[in-house]
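Q: The following file, my_file-v6.cif, comprises mmCIF, N, CA and C atoms:
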```cif
data_target
loop_
_atom_site.label_atom_id
_atom_site.label_comp_id
_atom_site.auth_asym_id
_atom_site.auth_seq_id
_atom_site.Cartn_x
_atom_site.Cartn_y
_atom_site.Cartn_z
N MET A 1 -39.83 48.54 3.18
CA MET A 1 -39.77 49.17 1.87
C MET A 1 -41.04 48.81 1.09
N ASP A 2 -41.48 49.74 0.25
CA ASP A 2 -42.63 49.43 -0.58
C ASP A 2 -42.16 48.79 -1.88
N ALA A 3 -43.10 48.49 -2.78
CA ALA A 3 -42.77 47.80 -4.02
C ALA A 3 -41.77 48.59 -4.86
N GLY A 4 -41.71 49.91 -4.69
CA GLY A 4 -40.77 50.74 -5.43
C GLY A 4 -39.44 50.92 -4.73
N GLY A 5 -39.24 50.22 -3.60
CA GLY A 5 -37.99 50.30 -2.87
C GLY A 5 -37.91 51.49 -1.93
N GLN A 6 -39.03 52.19 -1.73
CA GLN A 6 -39.07 53.36 -0.86
C GLN A 6 -39.67 52.98 0.49
N ARG A 7 -39.24 53.69 1.53
CA ARG A 7 -39.88 53.50 2.83
C ARG A 7 -41.29 54.09 2.76
N PRO A 8 -42.27 53.40 3.37
CA PRO A 8 -43.63 53.97 3.35
C PRO A 8 -43.68 55.27 4.13
N ALA A 9 -44.62 56.13 3.79
CA ALA A 9 -44.88 57.34 4.57
C ALA A 9 -45.84 56.93 5.68
N TRP A 10 -45.31 56.82 6.88
CA TRP A 10 -46.11 56.34 8.00
C TRP A 10 -47.13 57.37 8.43
N THR A 11 -48.35 56.92 8.73
CA THR A 11 -49.40 57.80 9.24
C THR A 11 -49.01 58.36 10.60
N ASP A 12 -48.49 57.51 11.46
CA ASP A 12 -48.04 57.90 12.80
C ASP A 12 -46.77 57.08 13.07
N PRO A 13 -45.59 57.63 12.78
CA PRO A 13 -44.35 56.86 12.80
C PRO A 13 -44.02 56.15 14.11
N SER A 14 -44.53 56.64 15.25
CA SER A 14 -44.15 56.03 16.52
C SER A 14 -45.20 55.03 17.05
N CYS A 15 -46.27 54.82 16.31
CA CYS A 15 -47.35 53.95 16.78
C CYS A 15 -47.37 52.62 16.03
N PRO A 16 -47.15 51.50 16.74
CA PRO A 16 -47.19 50.19 16.07
C PRO A 16 -48.53 49.87 15.43
N VAL A 17 -49.64 50.33 16.02
CA VAL A 17 -50.95 50.07 15.42
C VAL A 17 -51.07 50.82 14.09
N ALA A 18 -50.69 52.08 14.07
CA ALA A 18 -50.78 52.87 12.84
C ALA A 18 -49.88 52.29 11.75
N ARG A 19 -48.68 51.88 12.11
CA ARG A 19 -47.79 51.29 11.10
C ARG A 19 -48.37 49.99 10.55
N THR A 20 -48.96 49.19 11.41
CA THR A 20 -49.57 47.94 10.96
C THR A 20 -50.73 48.22 10.03
N VAL A 21 -51.57 49.18 10.38
CA VAL A 21 -52.69 49.54 9.52
C VAL A 21 -52.18 50.08 8.19
N ASP A 22 -51.10 50.84 8.21
CA ASP A 22 -50.51 51.32 6.96
C ASP A 22 -50.10 50.15 6.07
N LEU A 23 -49.65 49.06 6.66
CA LEU A 23 -49.17 47.91 5.88
C LEU A 23 -50.28 46.97 5.46
N VAL A 24 -51.23 46.68 6.34
CA VAL A 24 -52.23 45.65 6.03
C VAL A 24 -53.67 46.09 6.33
N GLY A 25 -53.90 47.36 6.55
CA GLY A 25 -55.19 47.80 7.03
C GLY A 25 -56.29 47.94 6.01
N ASP A 26 -55.98 47.80 4.74
CA ASP A 26 -57.08 47.90 3.78
C ASP A 26 -57.83 46.57 3.71
N ARG A 27 -59.06 46.64 3.30
CA ARG A 27 -59.95 45.47 3.24
C ARG A 27 -59.33 44.29 2.50
N TRP A 28 -58.79 44.52 1.33
CA TRP A 28 -58.32 43.41 0.50
C TRP A 28 -57.09 42.74 1.08
N SER A 29 -56.17 43.49 1.63
CA SER A 29 -54.95 42.88 2.19
C SER A 29 -55.28 41.90 3.30
N LEU A 30 -56.17 42.29 4.19
CA LEU A 30 -56.54 41.40 5.29
C LEU A 30 -57.27 40.16 4.79
N LEU A 31 -58.09 40.31 3.75
CA LEU A 31 -58.78 39.14 3.21
C LEU A 31 -57.80 38.21 2.49
N ILE A 32 -56.80 38.76 1.85
CA ILE A 32 -55.77 37.93 1.22
C ILE A 32 -55.00 37.16 2.28
N VAL A 33 -54.62 37.83 3.36
CA VAL A 33 -53.92 37.15 4.46
C VAL A 33 -54.82 36.07 5.05
N ARG A 34 -56.08 36.41 5.28
CA ARG A 34 -57.04 35.41 5.81
C ARG A 34 -57.09 34.18 4.90
N ASP A 35 -57.20 34.41 3.60
CA ASP A 35 -57.32 33.28 2.68
C ASP A 35 -56.02 32.49 2.56
N ALA A 36 -54.88 33.18 2.67
CA ALA A 36 -53.60 32.46 2.66
C ALA A 36 -53.52 31.54 3.88
N MET A 37 -54.06 32.00 5.01
CA MET A 37 -54.08 31.16 6.21
C MET A 37 -55.01 29.97 6.04
N ASP A 38 -55.97 30.10 5.13
CA ASP A 38 -56.94 29.04 4.89
C ASP A 38 -56.61 28.22 3.65
N GLY A 39 -55.38 28.34 3.15
CA GLY A 39 -54.92 27.46 2.09
C GLY A 39 -54.84 28.03 0.69
N ALA A 40 -55.25 29.27 0.47
CA ALA A 40 -55.12 29.87 -0.86
C ALA A 40 -53.64 30.04 -1.18
N ARG A 41 -53.25 29.71 -2.39
CA ARG A 41 -51.84 29.81 -2.78
C ARG A 41 -51.64 30.53 -4.11
N SER A 42 -52.54 30.34 -5.05
CA SER A 42 -52.34 30.90 -6.39
C SER A 42 -53.14 32.19 -6.56
N PHE A 43 -52.77 32.95 -7.57
CA PHE A 43 -53.50 34.17 -7.93
C PHE A 43 -54.97 33.82 -8.12
N THR A 44 -55.23 32.73 -8.83
CA THR A 44 -56.61 32.30 -9.10
C THR A 44 -57.34 31.96 -7.80
N ASP A 45 -56.67 31.28 -6.87
CA ASP A 45 -57.28 30.98 -5.57
C ASP A 45 -57.77 32.25 -4.90
N PHE A 46 -56.89 33.25 -4.83
CA PHE A 46 -57.23 34.50 -4.15
C PHE A 46 -58.36 35.23 -4.87
N GLN A 47 -58.30 35.23 -6.19
CA GLN A 47 -59.34 35.94 -6.96
C GLN A 47 -60.70 35.26 -6.78
N GLN A 48 -60.73 33.94 -6.85
CA GLN A 48 -62.00 33.23 -6.70
C GLN A 48 -62.58 33.36 -5.30
N ARG A 49 -61.73 33.33 -4.29
CA ARG A 49 -62.22 33.41 -2.91
C ARG A 49 -62.70 34.80 -2.53
N THR A 50 -62.04 35.84 -3.04
CA THR A 50 -62.36 37.21 -2.63
C THR A 50 -63.24 37.96 -3.63
N GLY A 51 -63.17 37.58 -4.91
CA GLY A 51 -63.88 38.33 -5.94
C GLY A 51 -63.21 39.64 -6.30
N ILE A 52 -61.99 39.83 -5.84
CA ILE A 52 -61.24 41.06 -6.07
C ILE A 52 -60.86 41.21 -7.55
N ALA A 53 -60.87 42.43 -8.03
CA ALA A 53 -60.47 42.71 -9.41
C ALA A 53 -58.99 42.35 -9.59
N ARG A 54 -58.64 41.86 -10.77
CA ARG A 54 -57.28 41.39 -11.04
C ARG A 54 -56.23 42.46 -10.76
N ASN A 55 -56.48 43.71 -11.18
CA ASN A 55 -55.48 44.76 -10.99
C ASN A 55 -55.26 45.06 -9.51
N ILE A 56 -56.33 45.05 -8.73
CA ILE A 56 -56.21 45.31 -7.29
C ILE A 56 -55.51 44.14 -6.61
N LEU A 57 -55.87 42.93 -7.00
CA LEU A 57 -55.22 41.74 -6.43
C LEU A 57 -53.73 41.75 -6.73
N THR A 58 -53.37 42.05 -7.97
CA THR A 58 -51.95 42.12 -8.33
C THR A 58 -51.22 43.12 -7.45
N ASP A 59 -51.81 44.30 -7.26
CA ASP A 59 -51.19 45.33 -6.42
C ASP A 59 -51.04 44.87 -4.97
N ARG A 60 -52.09 44.28 -4.41
CA ARG A 60 -52.03 43.86 -3.01
C ARG A 60 -51.05 42.71 -2.80
N LEU A 61 -51.01 41.76 -3.71
CA LEU A 61 -50.03 40.66 -3.59
C LEU A 61 -48.61 41.20 -3.64
N ARG A 62 -48.36 42.14 -4.53
CA ARG A 62 -47.03 42.76 -4.62
C ARG A 62 -46.68 43.48 -3.33
N ARG A 63 -47.63 44.24 -2.79
CA ARG A 63 -47.38 44.98 -1.55
C ARG A 63 -47.12 44.04 -0.38
N LEU A 64 -47.95 43.01 -0.26
CA LEU A 64 -47.77 42.07 0.85
C LEU A 64 -46.42 41.36 0.74
N ALA A 65 -46.00 41.05 -0.48
CA ALA A 65 -44.67 40.44 -0.67
C ALA A 65 -43.57 41.45 -0.37
N ALA A 66 -43.73 42.67 -0.84
CA ALA A 66 -42.70 43.71 -0.60
C ALA A 66 -42.53 44.00 0.89
N HIS A 67 -43.60 43.88 1.65
CA HIS A 67 -43.54 44.14 3.09
C HIS A 67 -43.23 42.88 3.89
N GLY A 68 -42.91 41.78 3.21
CA GLY A 68 -42.45 40.58 3.89
C GLY A 68 -43.52 39.73 4.54
N LEU A 69 -44.78 39.88 4.10
CA LEU A 69 -45.87 39.07 4.65
C LEU A 69 -46.16 37.83 3.82
N LEU A 70 -45.89 37.93 2.53
CA LEU A 70 -46.01 36.80 1.60
C LEU A 70 -44.70 36.64 0.86
N THR A 71 -44.46 35.44 0.41
CA THR A 71 -43.32 35.19 -0.47
C THR A 71 -43.81 34.34 -1.63
N GLN A 72 -43.12 34.42 -2.74
CA GLN A 72 -43.48 33.58 -3.89
C GLN A 72 -42.59 32.36 -3.91
N VAL A 73 -43.21 31.22 -4.21
CA VAL A 73 -42.49 29.95 -4.30
C VAL A 73 -42.91 29.27 -5.60
N ASP A 74 -42.04 28.40 -6.13
CA ASP A 74 -42.38 27.67 -7.34
C ASP A 74 -43.43 26.62 -7.05
N ALA A 75 -44.40 26.51 -7.95
CA ALA A 75 -45.40 25.45 -7.84
C ALA A 75 -44.71 24.12 -8.14
N PRO A 76 -45.23 23.02 -7.60
CA PRO A 76 -44.62 21.71 -7.88
C PRO A 76 -44.46 21.44 -9.37
N SER A 77 -45.40 21.93 -10.18
CA SER A 77 -45.32 21.71 -11.63
C SER A 77 -44.22 22.55 -12.25
N GLY A 78 -43.80 23.63 -11.54
CA GLY A 78 -42.78 24.52 -12.07
C GLY A 78 -43.31 25.50 -13.10
N ARG A 79 -44.60 25.43 -13.40
CA ARG A 79 -45.17 26.28 -14.45
C ARG A 79 -45.62 27.64 -13.95
N ARG A 80 -45.80 27.79 -12.65
CA ARG A 80 -46.23 29.08 -12.12
C ARG A 80 -45.70 29.27 -10.71
N ARG A 81 -45.89 30.47 -10.22
CA ARG A 81 -45.45 30.80 -8.87
C ARG A 81 -46.68 30.82 -7.95
N LEU A 82 -46.46 30.40 -6.73
CA LEU A 82 -47.50 30.40 -5.72
C LEU A 82 -47.10 31.35 -4.60
N TYR A 83 -48.05 31.71 -3.78
CA TYR A 83 -47.79 32.58 -2.65
C TYR A 83 -47.86 31.78 -1.36
N ALA A 84 -46.97 32.10 -0.44
CA ALA A 84 -46.96 31.46 0.87
C ALA A 84 -46.74 32.54 1.93
N LEU A 85 -47.38 32.35 3.07
CA LEU A 85 -47.16 33.27 4.18
C LEU A 85 -45.75 33.14 4.72
N THR A 86 -45.14 34.25 5.03
CA THR A 86 -43.85 34.26 5.73
C THR A 86 -44.15 34.16 7.23
N GLU A 87 -43.11 34.11 8.03
CA GLU A 87 -43.31 34.12 9.48
C GLU A 87 -44.04 35.39 9.91
N ALA A 88 -43.70 36.53 9.29
CA ALA A 88 -44.38 37.79 9.61
C ALA A 88 -45.86 37.70 9.25
N GLY A 89 -46.17 37.08 8.12
CA GLY A 89 -47.56 36.88 7.74
C GLY A 89 -48.29 35.96 8.70
N LYS A 90 -47.64 34.88 9.10
CA LYS A 90 -48.25 33.95 10.06
C LYS A 90 -48.47 34.61 11.41
N ASP A 91 -47.62 35.58 11.74
CA ASP A 91 -47.78 36.30 13.01
C ASP A 91 -49.09 37.10 13.07
N LEU A 92 -49.74 37.29 11.93
CA LEU A 92 -51.03 37.99 11.92
C LEU A 92 -52.19 37.07 12.31
N PHE A 93 -51.94 35.79 12.54
CA PHE A 93 -53.01 34.86 12.88
C PHE A 93 -53.87 35.34 14.05
N PRO A 94 -53.28 35.75 15.18
CA PRO A 94 -54.14 36.22 16.28
C PRO A 94 -54.96 37.45 15.91
N VAL A 95 -54.44 38.28 15.02
CA VAL A 95 -55.18 39.47 14.57
C VAL A 95 -56.41 39.03 13.78
N ILE A 96 -56.21 38.11 12.86
CA ILE A 96 -57.32 37.60 12.04
C ILE A 96 -58.36 36.90 12.94
N VAL A 97 -57.89 36.11 13.89
CA VAL A 97 -58.81 35.43 14.81
C VAL A 97 -59.60 36.45 15.61
N THR A 98 -58.93 37.46 16.13
CA THR A 98 -59.62 38.47 16.93
C THR A 98 -60.63 39.25 16.08
N LEU A 99 -60.26 39.61 14.85
CA LEU A 99 -61.21 40.28 13.96
C LEU A 99 -62.43 39.39 13.70
N ARG A 100 -62.18 38.11 13.47
CA ARG A 100 -63.25 37.15 13.23
C ARG A 100 -64.18 37.09 14.45
N GLN A 101 -63.59 36.98 15.61
CA GLN A 101 -64.40 36.86 16.82
C GLN A 101 -65.18 38.14 17.11
N TRP A 102 -64.59 39.29 16.84
CA TRP A 102 -65.32 40.54 16.98
C TRP A 102 -66.49 40.54 16.00
N GLY A 103 -66.24 40.13 14.76
CA GLY A 103 -67.29 40.07 13.75
C GLY A 103 -68.42 39.12 14.14
N GLU A 104 -68.07 37.98 14.73
CA GLU A 104 -69.11 37.04 15.17
C GLU A 104 -70.03 37.69 16.21
N ARG A 105 -69.46 38.52 17.06
CA ARG A 105 -70.24 39.17 18.13
C ARG A 105 -71.00 40.41 17.66
N HIS A 106 -70.42 41.15 16.69
CA HIS A 106 -70.96 42.47 16.39
C HIS A 106 -71.40 42.71 14.94
N ALA A 107 -71.05 41.84 14.01
CA ALA A 107 -71.34 42.10 12.59
C ALA A 107 -72.47 41.24 12.04
N PHE A 108 -73.08 40.41 12.88
CA PHE A 108 -74.16 39.54 12.45
C PHE A 108 -75.37 39.74 13.36
N GLU A 109 -76.53 39.61 12.78
CA GLU A 109 -77.77 39.65 13.57
C GLU A 109 -77.87 38.35 14.36
N ALA A 110 -78.60 38.37 15.45
CA ALA A 110 -78.81 37.16 16.25
C ALA A 110 -79.40 36.07 15.36
N GLY A 111 -78.79 34.89 15.39
CA GLY A 111 -79.27 33.75 14.62
C GLY A 111 -78.81 33.72 13.18
N GLU A 112 -78.16 34.78 12.71
CA GLU A 112 -77.66 34.81 11.33
C GLU A 112 -76.48 33.84 11.21
N THR A 113 -76.47 33.02 10.17
CA THR A 113 -75.41 32.03 10.02
C THR A 113 -74.13 32.67 9.51
N HIS A 114 -73.01 32.08 9.92
CA HIS A 114 -71.69 32.53 9.47
C HIS A 114 -70.71 31.38 9.65
N SER A 115 -69.56 31.52 9.02
CA SER A 115 -68.52 30.51 9.17
C SER A 115 -67.99 30.54 10.60
N VAL A 116 -67.38 29.42 11.01
CA VAL A 116 -66.86 29.28 12.36
C VAL A 116 -65.44 28.74 12.27
N LEU A 117 -64.54 29.29 13.04
CA LEU A 117 -63.16 28.82 13.11
C LEU A 117 -63.07 27.69 14.13
N VAL A 118 -62.55 26.55 13.68
CA VAL A 118 -62.43 25.38 14.56
C VAL A 118 -60.99 24.91 14.59
N ASP A 119 -60.64 24.20 15.67
CA ASP A 119 -59.30 23.63 15.78
C ASP A 119 -59.23 22.29 15.05
N GLY A 120 -58.11 21.62 15.15
CA GLY A 120 -57.89 20.36 14.44
C GLY A 120 -58.84 19.25 14.84
N ASP A 121 -59.47 19.38 16.01
CA ASP A 121 -60.44 18.38 16.47
C ASP A 121 -61.88 18.79 16.16
N GLY A 122 -62.06 19.94 15.50
CA GLY A 122 -63.40 20.40 15.16
C GLY A 122 -64.07 21.24 16.23
N ALA A 123 -63.36 21.53 17.31
CA ALA A 123 -63.94 22.35 18.38
C ALA A 123 -63.77 23.83 18.04
N ARG A 124 -64.77 24.62 18.35
CA ARG A 124 -64.72 26.06 18.11
C ARG A 124 -63.52 26.66 18.86
N VAL A 125 -62.79 27.55 18.20
CA VAL A 125 -61.64 28.21 18.82
C VAL A 125 -62.15 29.17 19.89
N PRO A 126 -61.64 29.07 21.12
CA PRO A 126 -62.11 29.97 22.19
C PRO A 126 -61.70 31.41 21.91
N ASP A 127 -62.42 32.34 22.52
CA ASP A 127 -62.11 33.76 22.36
C ASP A 127 -60.69 34.05 22.80
N LEU A 128 -60.00 34.87 22.02
CA LEU A 128 -58.66 35.33 22.39
C LEU A 128 -58.81 36.56 23.27
N LEU A 129 -58.23 36.51 24.43
CA LEU A 129 -58.31 37.63 25.35
C LEU A 129 -56.92 37.90 25.92
N PRO A 130 -56.46 39.16 25.86
CA PRO A 130 -55.15 39.46 26.43
C PRO A 130 -55.18 39.35 27.95
N VAL A 131 -54.07 38.88 28.49
CA VAL A 131 -53.95 38.76 29.95
C VAL A 131 -52.62 39.37 30.39
N ALA A 132 -52.60 39.81 31.63
CA ALA A 132 -51.38 40.36 32.23
C ALA A 132 -50.43 39.22 32.57
N ALA A 133 -49.22 39.57 32.94
CA ALA A 133 -48.22 38.56 33.31
C ALA A 133 -48.72 37.67 34.44
N ASN A 134 -49.59 38.20 35.29
CA ASN A 134 -50.11 37.40 36.40
C ASN A 134 -51.37 36.60 36.02
N GLY A 135 -51.79 36.69 34.74
CA GLY A 135 -52.95 35.94 34.27
C GLY A 135 -54.27 36.68 34.35
N SER A 136 -54.29 37.86 34.93
CA SER A 136 -55.55 38.60 35.02
C SER A 136 -55.90 39.22 33.66
N PRO A 137 -57.20 39.31 33.35
CA PRO A 137 -57.61 39.86 32.05
C PRO A 137 -57.20 41.33 31.90
N LEU A 138 -56.85 41.68 30.67
CA LEU A 138 -56.52 43.06 30.34
C LEU A 138 -57.60 43.65 29.45
N THR A 139 -57.92 44.93 29.66
CA THR A 139 -58.87 45.65 28.82
C THR A 139 -58.27 47.02 28.52
N SER A 140 -58.99 47.80 27.72
CA SER A 140 -58.55 49.17 27.45
C SER A 140 -58.60 50.02 28.72
N ASP A 141 -59.39 49.59 29.70
CA ASP A 141 -59.47 50.32 30.97
C ASP A 141 -58.30 50.00 31.91
N THR A 142 -57.63 48.87 31.67
CA THR A 142 -56.55 48.46 32.58
C THR A 142 -55.16 48.54 31.94
N THR A 143 -55.07 49.14 30.75
CA THR A 143 -53.78 49.31 30.08
C THR A 143 -53.63 50.75 29.62
N SER A 144 -52.41 51.11 29.30
CA SER A 144 -52.13 52.44 28.74
C SER A 144 -50.93 52.33 27.83
N VAL A 145 -50.80 53.31 26.95
CA VAL A 145 -49.68 53.36 26.02
C VAL A 145 -48.59 54.23 26.61
N ARG A 146 -47.38 53.71 26.63
CA ARG A 146 -46.24 54.49 27.11
C ARG A 146 -45.50 55.02 25.87
N ARG A 147 -45.52 56.32 25.73
CA ARG A 147 -44.84 56.95 24.59
C ARG A 147 -43.42 57.32 24.98
N HIS A 148 -42.50 57.01 24.09
CA HIS A 148 -41.09 57.36 24.34
C HIS A 148 -40.81 58.68 23.66
N THR A 149 -40.13 59.55 24.37
CA THR A 149 -39.81 60.86 23.79
C THR A 149 -38.33 61.01 23.61
#
```
Have the structure of the file written as structure tokens, please.
A:
Amino acid sequence: MDAGGQRPAWTDPSCPVARTVDLVGDRWSLLIVRDAMDGARSFTDFQQRTGIARNILTDRLRRLAAHGLLTQVDAPSGRRRLYALTEAGKDLFPVIVTLRQWGERHAFEAGETHSVLVDGDGARVPDLLPVAANGSPLTSDTTSVRRHT
């Protein structure tokens, strides 16, 4: 349901990729999810990290909450509400990592500096690559979409 309690008008109702893009495919939503994964919790945190206009940020936070990706929780002080990722929001972690890794390979010039995702020990996170049940690598050449009619 959207913020108004209505079901979204899906771009392609039978495609999981299209539905996902309908929910989180705009630039700001993905950056909000990225920053929530990196510790942003308050409206001010998100605004300072992204530079997004207040009205757009308000809209995107409402949408992400309405679609079950973020939830609001009371701040320890009790004076304001904070945002936290839901399990559905946390499930976007591999998507964010894959987008980051694609960007590292294709959105920067050779030698251009950029942030790096590291694990708890400080080691660079290895590339995420889909594999078949038998462990062999999967590509767009070795998979296909099965449509149900």
Q: Name the residues captured by the PyMOL selection byres (((chain A and resi 85-101 and name CA) around 9) and name CA) when it is applied to the shown file; answer as a PyMOL selection string.
A: chain A and resi 30+33-34+36-37+64-65+68-72+83-84+102-106+116-117+125+127-129
Q: Could you tell me, as a ChimeraX atom specification, which residues of stretch 38-139 of chain A DSSP assigns to strand (DSSP E) when given the backbone?
A: /A:70-74,81-85
Q: I need the residue nearest A:Arg146 from this list: A:Leu31, A:Ile56, A:Cys15, A:Ala75. Use only C-alpha atoms for the distance.
A: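 Under the stated criterion, the closest residue is A:Cys15.
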Q: Determine, counting only N, CA and C atoms, every residue of protein, DNA or RNA that lies within 5 Å of (-55.0, 39.8, -3.3) in the file coordinates, then give the result as a list in words.
A: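 The answer, in the requested form, is Ile32, Leu57, Arg60 and Leu61 of chain A.
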Q: Could you work out how far atom C of A:Thr58 lies from atom C of A:Val21, giving the answer in Å with one decimal?
A: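 The value is 17.1 Å.
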Q: So the first atom is atom CA of A:Asp38 and the second is atom CA of A:Ile52; what is the distance between them in Å, to one decimal place?
A: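 Atom-to-atom, atom CA of A:Asp38 to atom CA of A:Ile52, that is 16.8 Å.
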Q: Where in stretch 41-140 of chain A does DSSP assign alpha helix (DSSP H), given as a CSV table (one decimal) with N, CA and C atoms, keeping the file's coordinate frame?
A:
```csv
chain,number,residue,atom,x,y,z
A,43,PHE,N,-52.8,33.0,-7.6
A,43,PHE,CA,-53.5,34.2,-7.9
A,43,PHE,C,-55.0,33.8,-8.1
A,44,THR,N,-55.2,32.7,-8.8
A,44,THR,CA,-56.6,32.3,-9.1
A,44,THR,C,-57.3,32.0,-7.8
A,45,ASP,N,-56.7,31.3,-6.9
A,45,ASP,CA,-57.3,31.0,-5.6
A,45,ASP,C,-57.8,32.2,-4.9
A,46,PHE,N,-56.9,33.2,-4.8
A,46,PHE,CA,-57.2,34.5,-4.2
A,46,PHE,C,-58.4,35.2,-4.9
A,47,GLN,N,-58.3,35.2,-6.2
A,47,GLN,CA,-59.3,35.9,-7.0
A,47,GLN,C,-60.7,35.3,-6.8
A,48,GLN,N,-60.7,33.9,-6.8
A,48,GLN,CA,-62.0,33.2,-6.7
A,48,GLN,C,-62.6,33.4,-5.3
A,49,ARG,N,-61.7,33.3,-4.3
A,49,ARG,CA,-62.2,33.4,-2.9
A,49,ARG,C,-62.7,34.8,-2.5
A,50,THR,N,-62.0,35.8,-3.0
A,50,THR,CA,-62.4,37.2,-2.6
A,50,THR,C,-63.2,38.0,-3.6
A,54,ARG,N,-58.6,41.9,-10.8
A,54,ARG,CA,-57.3,41.4,-11.0
A,54,ARG,C,-56.2,42.5,-10.8
A,55,ASN,N,-56.5,43.7,-11.2
A,55,ASN,CA,-55.5,44.8,-11.0
A,55,ASN,C,-55.3,45.1,-9.5
A,56,ILE,N,-56.3,45.0,-8.7
A,56,ILE,CA,-56.2,45.3,-7.3
A,56,ILE,C,-55.5,44.1,-6.6
A,57,LEU,N,-55.9,42.9,-7.0
A,57,LEU,CA,-55.2,41.7,-6.4
A,57,LEU,C,-53.7,41.8,-6.7
A,58,THR,N,-53.4,42.0,-8.0
A,58,THR,CA,-52.0,42.1,-8.3
A,58,THR,C,-51.2,43.1,-7.4
A,59,ASP,N,-51.8,44.3,-7.3
A,59,ASP,CA,-51.2,45.3,-6.4
A,59,ASP,C,-51.0,44.9,-5.0
A,60,ARG,N,-52.1,44.3,-4.4
A,60,ARG,CA,-52.0,43.9,-3.0
A,60,ARG,C,-51.0,42.7,-2.8
A,61,LEU,N,-51.0,41.8,-3.7
A,61,LEU,CA,-50.0,40.7,-3.6
A,61,LEU,C,-48.6,41.2,-3.6
A,62,ARG,N,-48.4,42.1,-4.5
A,62,ARG,CA,-47.0,42.8,-4.6
A,62,ARG,C,-46.7,43.5,-3.3
A,63,ARG,N,-47.6,44.2,-2.8
A,63,ARG,CA,-47.4,45.0,-1.6
A,63,ARG,C,-47.1,44.0,-0.4
A,64,LEU,N,-48.0,43.0,-0.3
A,64,LEU,CA,-47.8,42.1,0.8
A,64,LEU,C,-46.4,41.4,0.7
A,65,ALA,N,-46.0,41.0,-0.5
A,65,ALA,CA,-44.7,40.4,-0.7
A,65,ALA,C,-43.6,41.4,-0.4
A,66,ALA,N,-43.7,42.7,-0.8
A,66,ALA,CA,-42.7,43.7,-0.6
A,66,ALA,C,-42.5,44.0,0.9
A,87,GLU,N,-43.1,34.1,8.0
A,87,GLU,CA,-43.3,34.1,9.5
A,87,GLU,C,-44.0,35.4,9.9
A,88,ALA,N,-43.7,36.5,9.3
A,88,ALA,CA,-44.4,37.8,9.6
A,88,ALA,C,-45.9,37.7,9.2
A,89,GLY,N,-46.2,37.1,8.1
A,89,GLY,CA,-47.6,36.9,7.7
A,89,GLY,C,-48.3,36.0,8.7
A,90,LYS,N,-47.6,34.9,9.1
A,90,LYS,CA,-48.2,34.0,10.1
A,90,LYS,C,-48.5,34.6,11.4
A,93,PHE,N,-51.9,35.8,12.5
A,93,PHE,CA,-53.0,34.9,12.9
A,93,PHE,C,-53.9,35.3,14.0
A,94,PRO,N,-53.3,35.8,15.2
A,94,PRO,CA,-54.1,36.2,16.3
A,94,PRO,C,-55.0,37.4,15.9
A,95,VAL,N,-54.4,38.3,15.0
A,95,VAL,CA,-55.2,39.5,14.6
A,95,VAL,C,-56.4,39.0,13.8
A,96,ILE,N,-56.2,38.1,12.9
A,96,ILE,CA,-57.3,37.6,12.0
A,96,ILE,C,-58.4,36.9,12.9
A,97,VAL,N,-57.9,36.1,13.9
A,97,VAL,CA,-58.8,35.4,14.8
A,97,VAL,C,-59.6,36.4,15.6
A,98,THR,N,-58.9,37.5,16.1
A,98,THR,CA,-59.6,38.5,16.9
A,98,THR,C,-60.6,39.2,16.1
A,99,LEU,N,-60.3,39.6,14.8
A,99,LEU,CA,-61.2,40.3,14.0
A,99,LEU,C,-62.4,39.4,13.7
A,100,ARG,N,-62.2,38.1,13.5
A,100,ARG,CA,-63.2,37.2,13.2
A,100,ARG,C,-64.2,37.1,14.4
A,101,GLN,N,-63.6,37.0,15.6
A,101,GLN,CA,-64.4,36.9,16.8
A,101,GLN,C,-65.2,38.1,17.1
A,102,TRP,N,-64.6,39.3,16.8
A,102,TRP,CA,-65.3,40.5,17.0
A,102,TRP,C,-66.5,40.5,16.0
A,103,GLY,N,-66.2,40.1,14.8
A,103,GLY,CA,-67.3,40.1,13.8
A,103,GLY,C,-68.4,39.1,14.1
A,104,GLU,N,-68.1,38.0,14.7
A,104,GLU,CA,-69.1,37.0,15.2
A,104,GLU,C,-70.0,37.7,16.2
A,105,ARG,N,-69.5,38.5,17.1
A,105,ARG,CA,-70.2,39.2,18.1
A,105,ARG,C,-71.0,40.4,17.7
A,106,HIS,N,-70.4,41.2,16.7
A,106,HIS,CA,-71.0,42.5,16.4
A,106,HIS,C,-71.4,42.7,14.9
```
Q: Please list as a PyMOL selection string every residue within 6.5 Å of A:Arg81, counting only N, CA and C atoms and excluding residues in the same chain fewer than 6 positions away.
A: chain A and resi 41-43+72-75
Q: Using N, CA and C atoms, can you export the residues from the last selection as a short mmCIF file (atom, residue, chain, number, x, y, z; two decimals), keeping the file's coordinate frame?
A:
```cif
data_model
loop_
_atom_site.label_atom_id
_atom_site.label_comp_id
_atom_site.auth_asym_id
_atom_site.auth_seq_id
_atom_site.Cartn_x
_atom_site.Cartn_y
_atom_site.Cartn_z
N ARG A 41 -53.25 29.71 -2.39
CA ARG A 41 -51.84 29.81 -2.78
C ARG A 41 -51.64 30.53 -4.11
N SER A 42 -52.54 30.34 -5.05
CA SER A 42 -52.34 30.90 -6.39
C SER A 42 -53.14 32.19 -6.56
N PHE A 43 -52.77 32.95 -7.57
CA PHE A 43 -53.50 34.17 -7.93
C PHE A 43 -54.97 33.82 -8.12
N GLN A 72 -43.12 34.42 -2.74
CA GLN A 72 -43.48 33.58 -3.89
C GLN A 72 -42.59 32.36 -3.91
N VAL A 73 -43.21 31.22 -4.21
CA VAL A 73 -42.49 29.95 -4.30
C VAL A 73 -42.91 29.27 -5.60
N ASP A 74 -42.04 28.40 -6.13
CA ASP A 74 -42.38 27.67 -7.34
C ASP A 74 -43.43 26.62 -7.05
N ALA A 75 -44.40 26.51 -7.95
CA ALA A 75 -45.40 25.45 -7.84
C ALA A 75 -44.71 24.12 -8.14
#
```
Q: Could you tell me how far atom N of A:Asp22 lies from atom C of A:Ala9, in Å and to one decimal?
A: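 Going from atom N of A:Asp22 over to atom C of A:Ala9 covers 8.4 Å.
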